[in-house]
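Trainee: First the structure, which I've put down as structure tokens, then a few questions once you've had a look.
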Amino acid sequence: MSKPIVAIVGRPNVGKSTLFNALAGSRISIVQDTPGVTRDRIYADVSWLNYNFTMIDTGGIEPDSGDVILSQMREQAQIAIDTADVIIFIVDVRQGMQDADSKVADMLRRSHKPVILAVNKVDNFEKMMMDVYEFYNLGMGEPLPVSAASMLGIGDLLDEVVKHFPDRIGNDEEDDRPKIAVVGKPNVGKSSLVNRLTGDNRVIVSDIAGTTRDAIDTPVKYHGKEYVFIDTAGLRRKNKIKEEIERYSIIRAVTAVERADVVLLVIDGTEGVTEQDAKIAGIAHERGKGIIIMVNKWDAVEKDDKTIYRQTEKIRQILSFLSYAEIMFISAKTGQRVQNVYDMIDMVIENNSMRIATGVLNEIVAEAVAMQQPPTDKGKRLKIYYVTQVSVKPPTFVIFVNDKELAHFSYVRYLENRIRDAFGFRGTSLKFIVRERKEEQ
């Protein structure tokens with residue numbers, strides 16, 4: 001089920017990051033040891049009451065001149081309009097209403113997306129409410145006073161946000177067509193691949209990085225089965241700042257991955273895996289999606305009989321946390337091996353939705369434990385009572401043990417490898433939850 005997307009937009013120094021961290025809570029600071037899985041401060045999972053949503057911070061802009069501020073504010077607003085279900089427009093009560101605020105308010109108003117106006121840095125509601133009321137002039141409805149630093153008014157703000165969540169979240173459940181997100185950094189051939197898979201030039205293709213602006217859903221029928229391809233929006237060409245371009249493409253990757261069943265990570269075969277590829281791969285991995293790595297432009301690579309082997313080893317080394325992902329070497333331009341993509345998608349979807357009976361699962365785990373004894377600490381040995389699968393997409397397992405502290409990451413990884421050996425699960429991550437159960441007397 002797709003989670004709603006909430007974007008935060010605002011001028012520099014109005015407190016976007018402070019609000020983002022306040023809403024995201026401590027989870028944003030979690031850092032995983034896995035190489036390539038970065039906790040970039042761009043997106044976070046947020047829960048409020050019975051709602052779960054993904055929040056995106058469009059910030060990070062520190063321009064020098066007023067003109068640049070305005071153009072980049074428009075850039076931010078466009079990103080939010082393109083990707084978000086609800087937009088939080090944050091302004092600063094201490095600086096008062098600025099010309100840039102008014103210009104962006106016009107854009108947001110024309111988008112017909114729900115916009116919540118948050119007036120930040122209101123540390124004393126009684127004294128500062130007259131200053132808050134000034135923002136009624138933006139024509140964005142009632143301004144909500146908040147103080148991100150002091151955590152004031154946050155609950156009221158979130159109450160307002162969740163009121164606007166769309167009905168499509170429920171509708172997504174009824175649409176059981178497989179959704180495939182095509183992600184990757186700009187100009188690796190995402191749109192060309194979608195065109196080749198759909199047999200139709202519906203997506204603009206150009207050598208200029210970022211000619212695709214919106215995330216485009218393309219329904220396709222192949223051998224009687226329907227699929228929906230989500231081509232992640234590229235970037236607006238006006239923006240020349242490399243870091244901002246990368247940030248925006250990652251924001252759009254998050255929104256596409258969130259809705260997808262399978263992620264096609266497109267990598268430039270002539271360039272190899274980049275840091276940005278690793279970031280996008282990490283997002284798909286964290287979200288537990290089925291993943292296929294598509295090494296594109298393979299027609300342009302000089303090859304011998306060992307080239308595919310060497311490239312595979314290099315990808316496996318850099319994206320070591322994606323050891324389960326399938327790798328395909330293709331050319332969207334010539335159509336080389338593209339016809340095999342649908343079979344691979346079907347296999348990955350099947351594995352991402354696979355359920356294993358508890359009895360069979362525990363037989364495999366018992367064999368694994370017999371082959372390699374669980375770890376001990378100070379004379380106490382880890383005991384595994386039983387393992388059960390609790391959900392799919394991704395397949396999620398709960399391991400019941402006598403002491404969670406003894407269930408080291410490396411031993412859980414060993415069990416995962418034995419389960420993969422037995423059942424395959426090619427192309428999908430597996431999630432393991434360790435629960436403690438007191439020994440029965």
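Letters A, B, ... go to the chains of the structure tokens in the order shown; residues in each chain start at 1; ligands are counted from 1 in the same order.
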If we count only C-alpha atoms and set the cut-off at 12 Å, which residues sit around Ile8 (chain A), ignoring sequence neighbours fewer than 6 positions away in its own chain? Please answer as a PyMOL selection string.
Mentor: chain A and resi 14-21+23+42-44+54-60+73+76-81+83-91+115-118+161+251
Trainee: At a cut-off of 8 Å, using only C-alpha atoms, what residues contact Gln389 (chain A)? Leave out same-chain residues fewer than 4 positions from it and give the result as JSON, numbers by chain.
Mentor: {"A": [355, 356, 357, 358, 395, 396, 397, 398]}
Trainee: Take the residues from that selection and put them in a file with N, CA and C atoms, as a compact mmCIF listing (two decimals), in the first residue's frame.
Mentor:
```txt
# COMPACT_ATOMS: atom_id res chain seq x y z
N ARG A 355 5.28 -16.97 0.64
CA ARG A 355 5.07 -17.37 2.05
C ARG A 355 5.60 -18.78 2.26
N ILE A 356 6.29 -18.98 3.38
CA ILE A 356 6.83 -20.29 3.73
C ILE A 356 6.09 -20.82 4.95
N ALA A 357 5.64 -22.06 4.88
CA ALA A 357 4.94 -22.67 6.01
C ALA A 357 5.88 -22.77 7.21
N THR A 358 5.34 -22.52 8.41
CA THR A 358 6.16 -22.47 9.63
C THR A 358 6.92 -23.79 9.86
N PRO A 395 9.13 -10.33 2.45
CA PRO A 395 8.94 -11.45 3.38
C PRO A 395 9.59 -11.12 4.72
N THR A 396 8.80 -11.19 5.78
CA THR A 396 9.26 -10.76 7.11
C THR A 396 9.12 -11.93 8.09
N PHE A 397 10.20 -12.20 8.81
CA PHE A 397 10.25 -13.34 9.72
C PHE A 397 10.51 -12.88 11.15
N VAL A 398 9.86 -13.53 12.11
CA VAL A 398 10.13 -13.27 13.52
C VAL A 398 10.86 -14.49 14.08
```
Trainee: Quick check, in Å to one decimal: how far apart do CA of Ile180 (chain A) and CA of Thr388 (chain A) lie?
Mentor: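 Interatomic distance, CA of Ile180 (chain A) to CA of Thr388 (chain A): 28.6 Å.
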Trainee: If you run DSSP on the backbone here, which positions in region 244-411 of chain A get strand (DSSP E or B)? Please write them as number ranges by chain.
Mentor: A: 262-268, 290-296, 326-329, 331, 336, 376-377, 380-381, 384-391, 396-401
Trainee: One decimal, Å: what's the distance from CA of Gln373 (chain A) over to CA of Ser320 (chain A), could you say?
Mentor: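 Separating CA of Gln373 (chain A) from CA of Ser320 (chain A) is a distance of 25.4 Å.
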